[in-house]
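Below is work-v3.cif, which holds mmCIF, C-alpha atoms.
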data_work
loop_
_atom_site.label_atom_id
_atom_site.label_comp_id
_atom_site.auth_asym_id
_atom_site.auth_seq_id
_atom_site.Cartn_x
_atom_site.Cartn_y
_atom_site.Cartn_z
CA MET Q 14 -20.53 16.19 -1.56
CA ASN Q 15 -16.99 15.90 -2.89
CA ARG Q 16 -14.08 13.57 -2.17
CA VAL Q 17 -10.51 12.98 -3.30
CA GLN Q 18 -9.46 9.37 -2.80
CA THR Q 19 -7.13 6.63 -4.02
CA GLU Q 20 -9.83 3.92 -3.90
CA ASP Q 21 -12.31 3.23 -6.68
CA PHE Q 22 -15.91 4.46 -6.42
CA ASP Q 23 -19.22 2.68 -7.00
CA ILE Q 24 -21.69 4.52 -9.23
CA ASN Q 25 -24.79 2.74 -7.88
CA ASP Q 26 -23.80 3.60 -4.32
CA GLU Q 27 -23.19 7.24 -5.18
CA ILE Q 28 -26.50 7.59 -7.03
CA ALA Q 29 -28.31 5.86 -4.13
CA ALA Q 30 -26.70 8.29 -1.68
CA LEU Q 31 -28.33 11.17 -3.57
CA THR Q 32 -31.71 9.61 -4.32
CA GLU Q 33 -32.59 7.19 -1.53
CA GLY Q 34 -35.67 8.03 0.50
CA ARG Q 35 -36.78 10.87 -1.77
CA SER Q 36 -39.34 11.06 -4.54
CA ASP Q 37 -38.66 14.60 -5.78
CA ILE Q 38 -35.87 13.60 -8.19
CA GLY Q 39 -36.82 13.01 -11.82
CA ALA Q 40 -33.38 12.94 -13.45
CA VAL Q 41 -29.95 11.67 -12.48
CA VAL Q 42 -26.91 12.15 -14.71
CA SER Q 43 -23.60 10.46 -14.01
CA PHE Q 44 -20.33 11.16 -15.78
CA THR Q 45 -17.45 8.74 -15.36
CA GLY Q 46 -13.99 9.54 -16.72
CA LEU Q 47 -11.81 6.50 -17.38
CA VAL Q 48 -8.14 5.91 -18.17
CA ARG Q 49 -7.56 5.06 -21.82
CA ASP Q 50 -4.74 2.71 -22.85
CA VAL Q 51 -2.01 4.11 -20.57
CA THR Q 52 -0.96 4.02 -16.93
CA LEU Q 53 -1.35 7.39 -15.23
CA THR Q 54 -0.25 8.83 -11.94
CA LEU Q 55 -2.39 11.64 -10.58
CA GLU Q 56 -1.20 14.17 -8.07
CA HIS Q 57 -3.09 17.13 -6.66
CA TYR Q 58 -2.76 20.18 -4.43
CA ALA Q 59 -4.32 18.93 -1.20
CA GLY Q 60 -6.39 21.66 0.39
CA MET Q 61 -6.85 23.74 -2.74
CA THR Q 62 -8.50 20.80 -4.52
CA GLU Q 63 -11.21 20.46 -1.87
CA ARG Q 64 -11.81 24.23 -1.96
CA GLU Q 65 -12.13 24.22 -5.74
CA LEU Q 66 -14.48 21.21 -5.77
CA SER Q 67 -16.68 22.84 -3.10
CA LYS Q 68 -16.76 26.03 -5.16
CA LEU Q 69 -17.76 24.07 -8.28
CA GLU Q 70 -20.60 22.46 -6.35
CA ALA Q 71 -21.77 25.83 -5.03
CA ASP Q 72 -21.58 27.36 -8.53
CA ALA Q 73 -23.62 24.50 -10.01
CA ASN Q 74 -26.22 24.79 -7.26
CA ALA Q 75 -26.50 28.54 -7.89
CA ARG Q 76 -26.98 28.10 -11.65
CA TRP Q 77 -29.26 25.07 -11.82
CA GLN Q 78 -32.07 23.61 -9.77
CA LEU Q 79 -30.35 20.58 -8.28
CA GLN Q 80 -31.40 18.09 -5.63
CA GLY Q 81 -27.87 16.81 -5.20
CA VAL Q 82 -24.31 16.90 -6.55
CA THR Q 83 -21.43 14.46 -6.03
CA ILE Q 84 -17.86 14.87 -7.27
CA ILE Q 85 -15.25 12.17 -6.63
CA HIS Q 86 -11.73 12.36 -8.05
CA ARG Q 87 -9.13 9.63 -7.66
CA ILE Q 88 -5.40 10.20 -7.15
CA GLY Q 89 -2.41 7.87 -7.27
CA THR Q 90 -1.54 5.36 -9.98
CA LEU Q 91 -4.33 4.28 -12.29
CA HIS Q 92 -4.30 1.67 -15.05
CA PRO Q 93 -6.12 1.33 -18.39
CA ALA Q 94 -9.92 1.21 -17.94
CA ASP Q 95 -9.69 2.41 -14.32
CA ASN Q 96 -12.13 5.06 -13.18
CA ILE Q 97 -10.62 8.54 -12.66
CA VAL Q 98 -13.50 10.85 -11.89
CA LEU Q 99 -17.20 10.69 -11.13
CA VAL Q 100 -19.76 13.49 -11.27
CA VAL Q 101 -23.39 12.81 -10.36
CA THR Q 102 -26.16 15.40 -10.57
CA ALA Q 103 -29.75 14.92 -9.44
CA SER Q 104 -32.60 17.25 -10.38
CA LYS Q 105 -36.31 17.44 -11.02
CA HIS Q 106 -35.65 17.96 -14.73
CA ARG Q 107 -33.23 16.41 -17.16
CA LYS Q 108 -31.98 19.71 -18.61
CA ASP Q 109 -30.68 20.88 -15.23
CA ALA Q 110 -29.05 17.53 -14.48
CA PHE Q 111 -27.33 17.35 -17.89
CA GLU Q 112 -26.12 20.95 -18.01
CA ALA Q 113 -24.83 20.93 -14.44
CA ALA Q 114 -22.88 17.71 -15.04
CA GLU Q 115 -21.27 19.15 -18.19
CA PHE Q 116 -20.46 22.39 -16.43
CA LEU Q 117 -18.88 20.55 -13.51
CA MET Q 118 -16.68 18.45 -15.80
CA ASP Q 119 -15.63 21.44 -17.94
CA TYR Q 120 -14.69 23.47 -14.88
CA LEU Q 121 -13.08 20.57 -13.07
CA LYS Q 122 -10.85 20.05 -16.13
CA THR Q 123 -9.66 23.65 -16.10
CA ARG Q 124 -9.72 24.73 -12.43
CA ALA Q 125 -9.26 21.77 -10.06
CA PRO Q 126 -5.54 21.35 -9.27
CA PHE Q 127 -4.88 17.80 -10.49
CA TRP Q 128 -2.00 16.78 -12.75
CA LYS Q 129 -1.57 13.57 -14.71
CA ARG Q 130 1.79 11.95 -15.35
CA GLU Q 131 2.26 9.18 -17.87
CA GLY Q 132 5.53 7.47 -16.93
CA ASP Q 133 8.02 10.37 -16.73
CA GLU Q 134 5.98 12.70 -18.93
CA TRP Q 135 3.47 15.17 -17.56
CA VAL Q 136 0.29 15.21 -19.62
CA GLU Q 137 -0.21 18.57 -21.36
CA ALA Q 138 -3.40 20.57 -20.88
CA LYS Q 139 -5.70 20.74 -23.90
CA ASP Q 140 -6.92 23.99 -25.44
CA SER Q 141 -10.23 22.24 -26.11
CA ASP Q 142 -10.80 22.07 -22.36
CA ASP Q 143 -10.39 25.84 -22.05
CA THR Q 144 -12.79 26.34 -24.95
CA ALA Q 145 -15.33 24.01 -23.33
CA ALA Q 146 -15.13 25.92 -20.04
CA GLU Q 147 -15.51 29.28 -21.80
CA ARG Q 148 -19.08 28.57 -22.85
CA TRP Q 149 -20.36 28.77 -19.27
CA LYS Q 150 -19.20 32.36 -18.74
CA MET C 2 -28.41 -2.24 -27.30
CA ASN C 3 -31.98 -1.42 -26.35
CA ARG C 4 -34.61 -3.16 -24.24
CA VAL C 5 -38.18 -2.63 -23.07
CA GLN C 6 -38.87 -4.42 -19.80
CA THR C 7 -41.03 -4.44 -16.68
CA GLU C 8 -38.08 -5.23 -14.35
CA ASP C 9 -35.76 -2.64 -12.89
CA PHE C 10 -32.25 -2.15 -14.34
CA ASP C 11 -28.84 -1.92 -12.68
CA ILE C 12 -26.69 1.01 -13.79
CA ASN C 13 -23.38 -0.58 -12.78
CA ASP C 14 -24.21 -3.71 -14.77
CA GLU C 15 -25.20 -1.69 -17.83
CA ILE C 16 -22.04 0.43 -17.71
CA ALA C 17 -19.92 -2.70 -17.22
CA ALA C 18 -21.59 -4.31 -20.24
CA LEU C 19 -20.34 -1.41 -22.39
CA THR C 20 -16.88 -0.96 -20.88
CA GLU C 21 -15.64 -4.32 -19.64
CA GLY C 22 -12.53 -5.65 -21.32
CA ARG C 23 -11.81 -2.45 -23.26
CA SER C 24 -9.47 0.44 -22.63
CA ASP C 25 -10.52 2.75 -25.46
CA ILE C 26 -13.35 4.42 -23.52
CA GLY C 27 -12.58 7.69 -21.76
CA ALA C 28 -16.07 8.89 -20.91
CA VAL C 29 -19.32 7.24 -19.84
CA VAL C 30 -22.51 9.23 -19.32
CA SER C 31 -25.62 7.71 -17.78
CA PHE C 32 -29.04 9.30 -17.61
CA THR C 33 -31.67 7.83 -15.32
CA GLY C 34 -35.25 9.05 -15.38
CA LEU C 35 -37.21 8.43 -12.18
CA VAL C 36 -40.85 8.63 -11.14
CA ARG C 37 -41.59 11.69 -9.02
CA ASP C 38 -44.25 11.61 -6.30
CA VAL C 39 -46.95 9.72 -8.24
CA THR C 40 -47.75 6.19 -9.37
CA LEU C 41 -47.55 5.79 -13.13
CA THR C 42 -48.57 3.09 -15.56
CA LEU C 43 -46.60 2.97 -18.78
CA GLU C 44 -47.83 1.38 -21.98
CA HIS C 45 -46.14 1.24 -25.35
CA TYR C 46 -46.57 0.19 -28.96
CA ALA C 47 -44.71 -3.13 -28.99
CA GLY C 48 -42.80 -3.49 -32.23
CA MET C 49 -42.73 0.20 -33.12
CA THR C 50 -40.93 0.99 -29.85
CA GLU C 51 -38.06 -1.34 -30.62
CA ARG C 52 -37.79 0.07 -34.15
CA GLU C 53 -37.71 3.65 -32.84
CA LEU C 54 -35.13 2.86 -30.17
CA SER C 55 -32.92 1.12 -32.74
CA LYS C 56 -33.23 4.15 -35.02
CA LEU C 57 -32.28 6.47 -32.17
CA GLU C 58 -29.20 4.37 -31.52
CA ALA C 59 -28.24 4.40 -35.19
CA ASP C 60 -28.78 8.19 -35.37
CA ALA C 61 -26.60 8.77 -32.30
CA ASN C 62 -23.87 6.53 -33.70
CA ALA C 63 -23.97 8.43 -36.99
CA ARG C 64 -23.67 11.84 -35.31
CA TRP C 65 -21.15 11.18 -32.55
CA GLN C 66 -18.10 9.00 -32.09
CA LEU C 67 -19.45 6.41 -29.68
CA GLN C 68 -18.03 3.17 -28.35
CA GLY C 69 -21.40 2.02 -27.06
CA VAL C 70 -25.02 2.99 -26.44
CA THR C 71 -27.63 1.42 -24.17
CA ILE C 72 -31.30 2.40 -23.90
CA ILE C 73 -33.61 0.64 -21.44
CA HIS C 74 -37.21 1.71 -20.91
CA ARG C 75 -39.52 0.19 -18.34
CA ILE C 76 -43.26 -0.45 -18.83
CA GLY C 77 -46.04 -1.40 -16.41
CA THR C 78 -46.85 0.18 -13.08
CA LEU C 79 -44.12 2.23 -11.42
CA HIS C 80 -44.10 3.92 -8.03
CA PRO C 81 -42.48 7.09 -6.64
CA ALA C 82 -38.67 6.97 -6.92
CA ASP C 83 -38.77 3.97 -9.28
CA ASN C 84 -36.49 4.03 -12.32
CA ILE C 85 -38.26 4.61 -15.65
CA VAL C 86 -35.57 4.94 -18.28
CA LEU C 87 -31.81 4.51 -18.61
CA VAL C 88 -29.54 5.83 -21.34
CA VAL C 89 -25.81 5.07 -21.24
CA THR C 90 -23.30 6.40 -23.76
CA ALA C 91 -19.62 5.51 -23.93
CA SER C 92 -17.06 7.43 -25.95
CA LYS C 93 -13.43 8.43 -26.15
CA HIS C 94 -14.34 12.01 -25.29
CA ARG C 95 -16.78 13.54 -22.85
CA LYS C 96 -18.40 15.91 -25.36
CA ASP C 97 -19.60 13.05 -27.54
CA ALA C 98 -20.86 11.05 -24.57
CA PHE C 99 -22.77 14.02 -23.10
CA GLU C 100 -24.29 15.25 -26.35
CA ALA C 101 -25.35 11.79 -27.51
CA ALA C 102 -27.05 11.07 -24.16
CA GLU C 103 -28.97 14.37 -24.30
CA PHE C 104 -29.95 13.77 -27.92
CA LEU C 105 -31.19 10.26 -27.10
CA MET C 106 -33.32 11.49 -24.22
CA ASP C 107 -34.77 14.41 -26.20
CA TYR C 108 -35.69 12.17 -29.12
CA LEU C 109 -36.92 9.34 -26.93
CA LYS C 110 -39.28 11.82 -25.24
CA THR C 111 -40.77 12.92 -28.55
CA ARG C 112 -40.56 9.86 -30.83
CA ALA C 113 -40.62 6.59 -28.86
CA PRO C 114 -44.23 5.37 -28.53
CA PHE C 115 -44.65 5.23 -24.75
CA TRP C 116 -47.57 6.73 -22.83
CA LYS C 117 -47.85 7.42 -19.12
CA ARG C 118 -51.08 7.17 -17.17
CA GLU C 119 -51.49 8.53 -13.65
CA GLY C 120 -54.51 6.79 -12.20
CA ASP C 121 -57.22 7.35 -14.84
CA GLU C 122 -55.56 10.40 -16.36
CA TRP C 123 -53.19 10.19 -19.30
CA VAL C 124 -50.16 12.40 -18.82
CA GLU C 125 -50.06 15.23 -21.37
CA ALA C 126 -47.05 15.78 -23.60
CA LYS C 127 -44.96 18.87 -22.86
CA ASP C 128 -44.14 21.53 -25.41
CA SER C 129 -40.72 21.86 -23.75
CA ASP C 130 -39.90 18.33 -24.94
CA ASP C 131 -40.62 19.31 -28.55
CA THR C 132 -38.46 22.40 -28.15
CA ALA C 133 -35.64 20.32 -26.68
CA ALA C 134 -35.78 17.88 -29.61
CA GLU C 135 -35.81 20.72 -32.17
CA ARG C 136 -32.26 21.77 -31.35
CA TRP C 137 -30.78 18.61 -32.85
CA LYS C 138 -32.21 19.27 -36.33
CA MET R 27 6.74 33.25 2.50
CA LYS R 28 5.86 29.60 1.90
CA LEU R 29 6.09 28.50 -1.74
CA LEU R 30 4.72 25.26 -3.18
CA TYR R 31 5.55 23.71 -6.54
CA PHE R 32 3.54 21.04 -8.31
CA ALA R 33 3.92 18.62 -11.22
CA SER R 34 6.52 19.61 -13.84
CA LEU R 35 7.46 22.74 -11.88
CA ARG R 36 8.29 20.68 -8.80
CA GLN R 37 10.45 18.38 -10.91
CA LYS R 38 12.36 21.23 -12.56
CA ILE R 39 12.92 23.13 -9.31
CA GLY R 40 13.65 19.91 -7.44
CA LEU R 41 11.60 20.87 -4.37
CA PRO R 42 7.95 20.40 -3.38
CA GLU R 43 8.04 23.50 -1.18
CA GLU R 44 10.32 26.00 0.51
CA ASP R 45 10.25 29.05 2.76
CA VAL R 46 11.73 32.19 1.25
CA ASP R 47 12.34 35.80 2.25
CA VAL R 48 11.41 37.86 -0.75
CA PRO R 49 12.84 41.30 -1.46
CA ALA R 50 10.63 44.32 -0.88
CA TYR R 51 10.10 45.03 -4.61
CA VAL R 52 8.15 41.78 -5.01
CA ARG R 53 4.53 42.98 -4.98
CA ASN R 54 2.65 40.68 -7.34
CA VAL R 55 2.87 37.16 -8.76
CA ALA R 56 4.88 38.24 -11.79
CA ASP R 57 7.45 40.00 -9.55
CA LEU R 58 7.79 36.81 -7.54
CA ILE R 59 8.40 34.77 -10.68
CA ASP R 60 11.03 37.29 -11.86
CA TRP R 61 12.82 37.05 -8.55
CA LEU R 62 12.62 33.23 -8.40
CA MET R 63 14.16 32.99 -11.87
CA THR R 64 17.32 34.65 -10.53
CA ARG R 65 17.79 31.76 -8.09
CA GLY R 66 19.24 29.20 -10.46
CA PRO R 67 18.83 27.15 -13.66
CA GLY R 68 16.10 24.90 -12.17
CA TYR R 69 13.95 27.93 -11.48
CA GLU R 70 14.78 29.41 -14.86
CA ALA R 71 13.64 26.22 -16.60
CA ALA R 72 10.51 25.98 -14.47
CA PHE R 73 9.32 29.53 -15.16
CA GLU R 74 10.68 29.92 -18.71
CA ASN R 75 7.32 29.77 -20.53
CA ARG R 76 5.09 32.10 -18.57
CA LYS R 77 2.02 31.09 -20.59
CA LEU R 78 2.24 27.68 -18.98
CA ILE R 79 2.54 28.93 -15.39
CA ARG R 80 -0.46 29.02 -13.10
CA ALA R 81 -0.39 30.43 -9.57
CA ALA R 82 -2.55 30.29 -6.47
CA ILE R 83 -2.39 32.62 -3.47
CA ASP R 84 -3.65 30.89 -0.32
CA GLN R 85 -5.21 28.16 -2.46
CA GLU R 86 -7.13 30.54 -4.73
CA HIS R 87 -6.30 30.86 -8.43
CA ALA R 88 -4.35 34.11 -9.00
CA LYS R 89 -3.33 35.94 -12.17
CA LEU R 90 0.21 37.16 -12.80
CA ASP R 91 -0.74 40.72 -11.83
CA ALA R 92 -2.46 39.67 -8.57
CA LEU R 93 -1.00 41.42 -5.51
CA LEU R 94 0.58 38.99 -3.06
CA GLY R 95 -0.42 40.73 0.19
CA SER R 96 0.76 38.65 3.16
CA PRO R 97 -0.13 35.14 2.09
CA LYS R 98 0.30 31.94 4.08
CA GLU R 99 1.31 30.15 0.89
CA VAL R 100 1.83 30.79 -2.81
CA ALA R 101 1.72 27.83 -5.21
CA PHE R 102 3.01 27.50 -8.77
CA PHE R 103 1.96 24.79 -11.18
CA PRO R 104 1.35 24.04 -14.87
CA PRO R 105 -2.19 24.12 -16.35
CA VAL R 106 -4.26 21.45 -14.63
CA THR R 107 -4.94 18.10 -16.31
CA GLY R 108 -7.33 16.26 -14.02
CA GLY R 109 -10.78 14.91 -14.81
CA MET X 9 -56.76 -2.72 -42.99
CA LYS X 10 -55.60 -3.31 -39.43
CA LEU X 11 -55.95 -0.31 -37.13
CA LEU X 12 -54.37 0.08 -33.68
CA TYR X 13 -55.29 2.60 -31.01
CA PHE X 14 -53.17 3.53 -28.02
CA ALA X 15 -53.54 5.37 -24.72
CA SER X 16 -56.38 7.93 -24.58
CA LEU X 17 -57.47 7.07 -28.12
CA ARG X 18 -57.90 3.42 -27.24
CA GLN X 19 -59.98 4.41 -24.21
CA LYS X 20 -62.23 6.75 -26.18
CA ILE X 21 -62.75 4.30 -29.05
CA GLY X 22 -63.05 1.38 -26.65
CA LEU X 23 -60.91 -0.97 -28.73
CA PRO X 24 -57.16 -1.69 -28.88
CA GLU X 25 -57.39 -2.73 -32.54
CA GLU X 26 -59.78 -3.65 -35.31
CA ASP X 27 -59.84 -4.72 -38.94
CA VAL X 28 -61.70 -2.38 -41.27
CA ASP X 29 -62.57 -2.13 -44.94
CA VAL X 30 -62.00 1.47 -45.89
CA PRO X 31 -63.80 3.19 -48.78
CA ALA X 32 -61.84 3.91 -51.94
CA TYR X 33 -61.62 7.67 -51.37
CA VAL X 34 -59.41 7.12 -48.28
CA ARG X 35 -55.91 7.83 -49.63
CA ASN X 36 -53.99 9.42 -46.77
CA VAL X 37 -53.97 9.52 -42.96
CA ALA X 38 -56.29 12.56 -42.79
CA ASP X 39 -58.85 10.81 -45.05
CA LEU X 40 -58.75 7.81 -42.77
CA ILE X 41 -59.40 10.00 -39.73
CA ASP X 42 -62.32 11.73 -41.52
CA TRP X 43 -63.85 8.38 -42.32
CA LEU X 44 -63.28 6.95 -38.81
CA MET X 45 -65.03 9.98 -37.29
CA THR X 46 -68.24 9.00 -39.11
CA ARG X 47 -68.27 5.68 -37.24
CA GLY X 48 -69.67 6.89 -33.91
CA PRO X 49 -69.27 9.22 -30.93
CA GLY X 50 -66.24 7.31 -29.50
CA TYR X 51 -64.33 7.89 -32.74
CA GLU X 52 -65.51 11.48 -32.87
CA ALA X 53 -64.23 12.12 -29.36
CA ALA X 54 -60.95 10.34 -30.07
CA PHE X 55 -60.11 12.31 -33.22
CA GLU X 56 -61.72 15.64 -32.26
CA ASN X 57 -58.50 17.60 -31.69
CA ARG X 58 -56.37 16.76 -34.68
CA LYS X 59 -53.36 18.59 -33.23
CA LEU X 60 -53.16 15.90 -30.59
CA ILE X 61 -53.34 12.94 -32.99
CA ARG X 62 -50.20 11.11 -34.05
CA ALA X 63 -50.17 8.29 -36.59
CA ALA X 64 -47.83 5.53 -37.69
CA ILE X 65 -48.00 3.52 -40.89
CA ASP X 66 -46.38 0.11 -40.46
CA GLN X 67 -44.70 1.29 -37.26
CA GLU X 68 -43.17 4.42 -38.82
CA HIS X 69 -44.25 7.92 -37.78
CA ALA X 70 -46.51 9.38 -40.48
CA LYS X 71 -47.91 12.87 -41.02
CA LEU X 72 -51.58 13.54 -41.74
CA ASP X 73 -50.90 13.92 -45.45
CA ALA X 74 -48.90 10.68 -45.71
CA LEU X 75 -50.32 8.29 -48.31
CA LEU X 76 -51.47 5.02 -46.81
CA GLY X 77 -50.46 2.69 -49.64
CA SER X 78 -51.24 -0.91 -48.66
CA PRO X 79 -50.12 -1.03 -45.06
CA LYS X 80 -50.12 -4.01 -42.72
CA GLU X 81 -51.17 -1.73 -39.88
CA VAL X 82 -51.98 1.88 -39.15
CA ALA X 83 -51.76 3.12 -35.57
CA PHE X 84 -53.25 6.21 -33.92
CA PHE X 85 -52.12 7.63 -30.61
CA PRO X 86 -51.68 10.89 -28.68
CA PRO X 87 -48.26 12.64 -28.45
CA VAL X 88 -45.86 10.30 -26.68
CA THR X 89 -45.01 10.78 -23.00
CA GLY X 90 -42.30 8.23 -22.22
CA GLY X 91 -38.84 8.82 -20.90
#
Using structure tokens, write down the structure from this file.
Amino acid sequence: MNRVQTEDFDINDEIAALTEGRSDIGAVVSFTGLVRDVTLTLEHYAGMTERELSKLEADANARWQLQGVTIIHRIGTLHPADNIVLVVTASKHRKDAFEAAEFLMDYLKTRAPFWKREGDEWVEAKDSDDTAAERWK
Amino acid sequence: MNRVQTEDFDINDEIAALTEGRSDIGAVVSFTGLVRDVTLTLEHYAGMTERELSKLEADANARWQLQGVTIIHRIGTLHPADNIVLVVTASKHRKDAFEAAEFLMDYLKTRAPFWKREGDEWVEAKDSDDTAAERWK
Amino acid sequence: MKLLYFASLRQKIGLPEEDVDVPAYVRNVADLIDWLMTRGPGYEAAFENRKLIRAAIDQEHAKLDALLGSPKEVAFFPPVTGG
Amino acid sequence: MKLLYFASLRQKIGLPEEDVDVPAYVRNVADLIDWLMTRGPGYEAAFENRKLIRAAIDQEHAKLDALLGSPKEVAFFPPVTGG
């Protein structure tokens, strides 16, 4: 499941949505990205974003044994300590849950069409994000 | 911060305890281990457990740049889909948060003195856990 | 052809999107950029550093040498910075 | 010397802990195991497969060749299975 939204998300609720009523999940990993120190405005390419997030989910499901995947990305204006992004992975085993969550974040950072602006300045992409994504090839 | 307890834990509360009132955290990773399909009873070596968990925390803080670490492990009788263990790591950067959480789980699985019993049968340790822990040497 | 511009490219060009009739020689993404750069200083500034241009044809990432075909939309944007 | 037994070892020995006077030749963890195994079939069963025995001296993991010194407590248990 993936969503793009202006509202905040609730990690407990999102984990419950993946796990409730099942007893075949042994490991849940959540990654939350937060705003540090600055005020950011996030814009995205509506339509392409949803396609890219669905593709990331499908890729992760093809590579790891997962019982569930959630990706939520916020847009609009966000303040210090606000949540930006949430990835949750559920699996039988911790290795699958951890690796899939890292993969999703690395790819999201390099392929999902979101852009951050800090005041009038667009945030520049980091080479380290490209390097991180490379390792999954 | 680490705790051994019979009660359940709340992931939102534990993340909030690490992040509230600060704006220097960019990444939070949580790992939750859950009971699959069976009923388990967990016992531990009170005293040594707390020492081992504190050591794990200190090791993680020495190896990665972390703003906070939480480890909670439950003991007693747990049913299918119950939470067993929670690790939360908070950092500026996602790589540190992810790696530290994986390290903590791998070491916890091989060094913290907990034992699971399923009915009358003690659960056997897995070689794959030793292999997973080896990679951090 | 419908073109969309995002983030710093939208600011430099001054438009979020536009419909254009492209000349026949425009076959791939790089050709399209070359042609757009002849349309004024805003475009020139936007596409100046080709290393920092990313494109998508019909909402799929496309390299500079990707053939355009008959797309519904082509988008240009800087490297993404979400997450 | 105070000894503690956990999990399957506790069940096989039938005790969670006990105080023992160990003979002088017992210098390291392996010596202690050898001596304990002479104390009855429960101990024999508990320590039979040495690959599956873990020990801690004063709540610190200890290998079979670790010297005992004058510990407050020595614990024996199978490989851990928490997490």
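Residues of chain Q having any atom within 12 Å of chain X, counting all atoms listed in the file, are Gly39, Ala40, His106 and Arg107 of chain Q.
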Please dump the current selection as a PDB file, in the coordinates of the input; keep C-alpha atoms.
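Result file out-v5.pdb:
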ATOM      1  CA  GLY Q  39     -36.820  13.010 -11.820  1.00  0.00           C
ATOM      2  CA  ALA Q  40     -33.380  12.940 -13.450  1.00  0.00           C
ATOM      3  CA  HIS Q 106     -35.650  17.960 -14.730  1.00  0.00           C
ATOM      4  CA  ARG Q 107     -33.230  16.410 -17.160  1.00  0.00           C
TER       5      ARG Q 107
END
Can you give me chain X superposed onto chain R, least-squares on all Cα in order, written as a short mmCIF file (atom, residue, chain, number, x, y, z; two decimals) with C-alpha atoms, in the coordinates of the input?
data_model
loop_
_atom_site.label_atom_id
_atom_site.label_comp_id
_atom_site.auth_asym_id
_atom_site.auth_seq_id
_atom_site.Cartn_x
_atom_site.Cartn_y
_atom_site.Cartn_z
CA MET X 9 6.76 33.23 2.51
CA LYS X 10 5.88 29.59 1.90
CA LEU X 11 6.09 28.50 -1.73
CA LEU X 12 4.70 25.27 -3.19
CA TYR X 13 5.55 23.71 -6.54
CA PHE X 14 3.54 21.05 -8.31
CA ALA X 15 3.94 18.62 -11.21
CA SER X 16 6.54 19.62 -13.83
CA LEU X 17 7.48 22.74 -11.87
CA ARG X 18 8.30 20.70 -8.79
CA GLN X 19 10.46 18.39 -10.91
CA LYS X 20 12.36 21.24 -12.55
CA ILE X 21 12.93 23.13 -9.30
CA GLY X 22 13.64 19.92 -7.42
CA LEU X 23 11.60 20.86 -4.36
CA PRO X 24 7.93 20.42 -3.39
CA GLU X 25 8.03 23.51 -1.16
CA GLU X 26 10.32 26.00 0.51
CA ASP X 27 10.26 29.03 2.77
CA VAL X 28 11.74 32.18 1.28
CA ASP X 29 12.36 35.78 2.26
CA VAL X 30 11.40 37.85 -0.73
CA PRO X 31 12.86 41.30 -1.45
CA ALA X 32 10.65 44.33 -0.90
CA TYR X 33 10.12 45.06 -4.60
CA VAL X 34 8.16 41.78 -5.02
CA ARG X 35 4.53 42.98 -4.98
CA ASN X 36 2.66 40.67 -7.34
CA VAL X 37 2.86 37.14 -8.76
CA ALA X 38 4.90 38.23 -11.81
CA ASP X 39 7.46 39.98 -9.55
CA LEU X 40 7.78 36.81 -7.54
CA ILE X 41 8.41 34.77 -10.69
CA ASP X 42 11.05 37.30 -11.87
CA TRP X 43 12.83 37.04 -8.56
CA LEU X 44 12.61 33.22 -8.41
CA MET X 45 14.16 32.99 -11.88
CA THR X 46 17.33 34.64 -10.54
CA ARG X 47 17.78 31.76 -8.09
CA GLY X 48 19.27 29.19 -10.47
CA PRO X 49 18.84 27.16 -13.67
CA GLY X 50 16.09 24.90 -12.18
CA TYR X 51 13.94 27.95 -11.47
CA GLU X 52 14.77 29.41 -14.86
CA ALA X 53 13.66 26.23 -16.60
CA ALA X 54 10.52 25.99 -14.47
CA PHE X 55 9.31 29.54 -15.16
CA GLU X 56 10.66 29.92 -18.71
CA ASN X 57 7.32 29.77 -20.54
CA ARG X 58 5.09 32.09 -18.57
CA LYS X 59 2.02 31.09 -20.59
CA LEU X 60 2.23 27.68 -18.98
CA ILE X 61 2.54 28.93 -15.39
CA ARG X 62 -0.48 29.01 -13.11
CA ALA X 63 -0.41 30.42 -9.58
CA ALA X 64 -2.55 30.30 -6.47
CA ILE X 65 -2.39 32.62 -3.48
CA ASP X 66 -3.66 30.90 -0.34
CA GLN X 67 -5.24 28.16 -2.45
CA GLU X 68 -7.15 30.55 -4.73
CA HIS X 69 -6.33 30.88 -8.44
CA ALA X 70 -4.39 34.10 -9.01
CA LYS X 71 -3.35 35.93 -12.17
CA LEU X 72 0.19 37.16 -12.79
CA ASP X 73 -0.75 40.70 -11.81
CA ALA X 74 -2.45 39.66 -8.56
CA LEU X 75 -0.98 41.40 -5.51
CA LEU X 76 0.55 38.98 -3.05
CA GLY X 77 -0.41 40.74 0.18
CA SER X 78 0.76 38.66 3.16
CA PRO X 79 -0.12 35.15 2.09
CA LYS X 80 0.30 31.94 4.06
CA GLU X 81 1.31 30.16 0.87
CA VAL X 82 1.82 30.78 -2.81
CA ALA X 83 1.71 27.84 -5.21
CA PHE X 84 3.01 27.49 -8.77
CA PHE X 85 1.96 24.78 -11.18
CA PRO X 86 1.34 24.05 -14.87
CA PRO X 87 -2.21 24.13 -16.36
CA VAL X 88 -4.27 21.45 -14.63
CA THR X 89 -4.93 18.10 -16.31
CA GLY X 90 -7.34 16.25 -14.02
CA GLY X 91 -10.75 14.91 -14.81
#
Q: Give the answer as one residue: which of X:Gly48, X:Gly91, X:Pro31, X:Pro86 has the shortest atom-to-atom distance to Thr33 of chain C, using all atoms listed in the file?
A: X:Gly91
Q) Residues of chain C within 10 Å of chain Q, using all atoms listed in the file, as a PyMOL selection string? A) chain C and resi 11-14+16+20-39+80-96+98-100+102-103+106-107+133
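Proximity ranking of C:Arg52, C:His45, C:Arg4, C:Arg136 relative to His69 of chain X places C:Arg52 first, based on only C-alpha atoms.
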